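**Student:** I am attaching a structure below and will ask some questions about it afterwards.
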Amino acid sequence: MLTIDKFSYLSKLRYINAAEKFSFAVITLILCVVSRSVCAAAITLFAAGFLTVYKGKIPLFRYLRYLAVPVVFLLFSTLAVFVNISRTPLDLFAVPVGSFYLTGSRAAAAEGIRLILTALAGVSCLYFLAFNTPMPDILNVLLKLHCPKLLIELMLLIYRFIFLLLDIASALSCAQASRLGNKDFRTSCRSFGSLLAVLLVLAMKRSNALYDAMESRCYDGTIRVLNETYPPRAGEIAAIIGFELLLAAAWLLEVYML
Amino acid sequence: MTVKQRKIVLASSIIALSFGIVPTVSAMHIMEGFLPPSHCILWGILCIPFLIAGFFSINRTRKEHRKTLLIFAMAGAYAFVLSALKIPSVTGSSSHMTGTGLGAILFGPAAVSILGLIVLIFQAVLLAHGGLTTLGANTFSMAIAGPLLTYGVYKLCQKMKMNRLVSIFLAAFLGDLFTYCVTSVQLAFSHPSEVGGMAASLAKFLGIFAVTQIPLAVIEGILTVIVIIGLESYAKSELKELGYLSR
């Protein structure tokens, strides 16, 4: 059910050192958001896509479909950014509605395009991390960054429980569907509600059983797990630094040219 | 058509299709990279006191009963799964619950702030809803503002001796609406309109997102009521464990 998670385990880039991937994604993301430069965003969009699809061997169409997930949000919000309602028409376009105009200016349109590109570049960075790094590796990086232990432990447990609950939920909804539980809107609302109620009951039962099992194996409040580590490689680090410098250069160039 | 033309048509229609498959109308997560950096930091800082309060509350209860950590974890996973399941909708587009209302009523607002943060991280990484730079803003609207209002309304209704189910509906419905208003304010604040400034921009964001968010809030309210009815009828002991009945 969680396609991204599945792909992150299949990715060819999975065994690259997780801290490298994490820092690449986060630094690039921050550079894109801070600079808001069209060049940097375009380079990032291409590079992250190339790494994920070509190097990581994530199917292209799946990747594109995931890129399209936030498109509704993006369209709605950019529309709100560059369509104005005003009594005086602006310079790019103006559609008269009664005594008002639906209108936009060139500056706002440029801003809208810049916004779309930056947002898409940001999403592609996020996807680079998500599609190529399994969650436990990310948690390991967070632990090294001195995130509070409690938080990491909760995340580890939650990550484990998500799959338990998704399994139960899919079995329940399959049972409901095979008994005409979704035949119209009313029934499907009722089925969904009872699914959630049963899910909570089963979740609590599972967590009680788990607690008993852990207690009987000397659980003392902390969970210790062994992690596989893959050493960072000098070449990869150099490539990351080079890429970030390239982005910064593109940004500076754009600032000076315009 | 030549073979080449046919190939081009096929390829372009596949690309169009892959974009055209109706993307999820999710709860209003602000997408990655949409906010300017100063706003990302600002909203993040605004979240910190609430997160610290939640952190200490979880830590304290964990010291008292070790089992509560597992219960909290299960609650977090539940909140995630809640937001990953498709809810019944009339239009055929797929939409999701925010689950903030249910979470706040069941687990209390302090725990929901931390759980909400974690759930939002998972949603960003596993479901592609929201993002890392906008984590602060999303946490503020969905894991802090919404649940706090829900909890407040719920308590107020209890004080006023309102019908339990009506008060749950109101709490969940208003909490959802409030989340949507806060998100609109965040968006308007970061992208003020050229004509009319922030107020005009706020009106535009509220207006555009109302199309999807108001029906969703009503559905979410109804579903929360149905879930609570179900829980009260056959999960009394589990609810006691969560502290819902004693509160």
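Going through the structure tokens in order, the chains are called A, B, and so on, while each chain numbers its residues from 1 and the ligands are numbered from 1 in the order shown.
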Tell me which protein, DNA and RNA residues are within 7 Å of Phe173 (chain B), counting only C-alpha atoms, leaving out same-chain ones fewer than 6 positions away, and put them as an NGL selection string.

**Tutor:** :B and (217-218 or 220-221)

**Student:** For the selection you just gave me, I'd like the residues written to a file as a PDB file, in the first residue's frame, keeping C-alpha atoms.

**Tutor:**
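Result file selection00.pdb:
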ATOM      1  CA  ALA B 217     -15.027  19.081   7.219  1.00  0.00           C
ATOM      2  CA  VAL B 218     -18.672  18.002   7.331  1.00  0.00           C
ATOM      3  CA  GLU B 220     -14.964  14.378   8.871  1.00  0.00           C
ATOM      4  CA  GLY B 221     -17.347  15.531  11.619  1.00  0.00           C
TER       5      GLY B 221
END

**Student:** Excluding region 78-80 of chain B and any residue of its chain fewer than 4 positions from it, enumerate the residues within 9 Å of it, using only C-alpha atoms, and give them as an MDAnalysis selection string.

**Tutor:** (chainID A and resid 158 161:162 165 196 199:200 203) or (chainID B and resid 73:74 84:85 98:100 102:103 115:116 119:120 122:123)

**Student:** Which of these residues is nearest to chain A, using only C-alpha atoms: B:Ile214, B:Val125, B:Cys40, B:Ile114?

**Tutor:**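 Among the listed residues, the smallest separation from chain A belongs to B:Val125.
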
**Student:** Quick check, in Å to one decimal: how far apart do CA of Val227 (chain B) and CA of Thr212 (chain B) lie?

**Tutor:**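 Straight-line distance from CA of Val227 (chain B) to CA of Thr212 (chain B) works out to 22.3 Å.
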
**Student:** Quick one: pull the distance between CA of Met135 (chain A) and CA of Leu126 (chain B), Å, one decimal.

**Tutor:**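 Taking CA of Met135 (chain A) as the start and CA of Leu126 (chain B) as the end point, the length is 8.6 Å.
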
**Student:** With distances taken over only C-alpha atoms, which of B:Gly152, B:Gly44, B:Gly54, B:Pro109 is nearest to chain A?

**Tutor:**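 Nearest to chain A: B:Gly54.
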
**Student:** Just checking: using only C-alpha atoms, which residue out of A:Glu215, A:Phe93, A:Arg62, A:Ala197 ends up closest to Leu106 (chain B)?

**Tutor:** A:Ala197

**Student:** A:Gly242, A:Pro134, A:Gly181, A:Gly193: which is nearest chain B, counting only C-alpha atoms?

**Tutor:**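 Looking at the shortest contact to chain B, the residue is A:Gly193.
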
**Student:** Counting only C-alpha atoms, a student should be able to say which residues of chain B come within 7 Å of chain A; what is the right answer, written as a PyMOL selection string?

**Tutor:** chain B and resi 18-19+23-24+31-34+36-37+66-67+70-71+73-74+76-77+81+88+90+118+125-126+191+193+195+204-205+208+223+226-227+230-231+235+238

**Student:** For Ile16 (chain A), work out the shell of residues within 8 Å, counting only C-alpha atoms and skipping chain neighbours fewer than 5 positions away, then give it as a PyMOL selection string.

**Tutor:** chain A and resi 21+230+232

**Student:** For a test of reading the model, state the distance in Å between CA of His29 (chain B) and CA of Met97 (chain B), rounded to one decimal.

**Tutor:** 11.9 Å
